[in-house]
Amino acid sequence: MKKKVLVDLSCTILHHGHVRLLKKASKLGKVVVALTVDKDIKKNKGYIPELKYNFRKEILLSLRYVNEVVPSKFRITNKFLKKNKVDILVRGSDYTNEKFDIKTIIYPRTKSISSSIIRKKSYKIFNESLK
């Protein structure tokens with residue numbers, strides 16, 4: 001039986017760093033994405049996501065590396081992992097301080113990419129186009 005591998009993401013703007021992380025996770029078992037709900041993105045990151053939860057979920061489910069998407073809060077807890085019967089948690093290296101009761105694998109972030117970087121570049125390009 002394949003292991004259940006959880007990857008927690010906000011995925012406000014999907015990029016190649018997300019895809020690479022999901023690809024690595026898929027080699028470990030069945031990938032379930034814990035996708036941050038809109039209100040928790042607003043609460044923890046301070047902005048309303050460009051794409052609503054249902055659209056982000058639809059995009060993730062179209063990727064061959066993703067088997068399931070479940071709603072989650074911004075912070076994953078041991079209770080959440082147990083409730084969802086997760087065997088392995090996979091995360092990017094921006095989340096190394098938290099400790100969990102299950103096996104956790106941390107992969108390095110993809111250099112020079114994040115949703116925030118894309119958002120800032122887009123904002124700059126948009127503002128320059130108004131000049």
# chains A, B, ... in the order shown; residues from 1 in each chain; ligands from 1

$ residues_around --residues "Asn67 in chain A" --least-positions-apart "3" --cutoff "8 Å" --atoms "only C-alpha atoms" --output "list of chain:residue names"
A:Lys30, A:Val31, A:Val32, A:Leu61, A:Arg64

$ write_last_selection --atoms "C-alpha atoms" --output "mmCIF file, in the first residue's frame"
data_model
loop_
_atom_site.group_PDB
_atom_site.id
_atom_site.type_symbol
_atom_site.label_atom_id
_atom_site.label_comp_id
_atom_site.auth_asym_id
_atom_site.auth_seq_id
_atom_site.Cartn_x
_atom_site.Cartn_y
_atom_site.Cartn_z
ATOM 1 C CA LYS A 30 0.215 9.198 -2.871
ATOM 2 C CA VAL A 31 0.353 13.020 -2.695
ATOM 3 C CA VAL A 32 -2.275 14.941 -0.786
ATOM 4 C CA LEU A 61 -5.731 18.484 -9.143
ATOM 5 C CA ARG A 64 -0.176 14.408 -12.424
#

$ select_by_dssp --residues "chain A" --states "strand (DSSP E or B)" --output "list in words"
Lys4, Val5, Leu6, Val7, Asp8, Leu9, Lys30, Val31, Val32, Val33, Ala34, Leu35, Thr36, Glu68, Val69, Val70, Pro71, Ser72, Ile88, Leu89, Val90, Arg91, Gly92, Lys103, Thr104, Ile105, Ile106 and Tyr107 of chain A

$ closest_residue --among "A:Ser116, A:His18, A:Lys79, A:Leu63" --to "Tyr47 in chain A" --atoms "only C-alpha atoms"
A:Ser116

$ atom_distance --atom1 "CA of Ile113 in chain A" --atom2 "CA of Asp38 in chain A"
21.6 Å

$ select_by_dssp --residues "chain A" --states "alpha helix (DSSP H)" --output "VMD selection string"
chain A and resid 16 to 26 38 to 45 53 to 61 78 to 83 115 to 129

$ closest_residue --among "A:Glu128, A:Ser115, A:Asp87, A:Val69" --to "Lys45 in chain A" --atoms "only C-alpha atoms"
A:Ser115
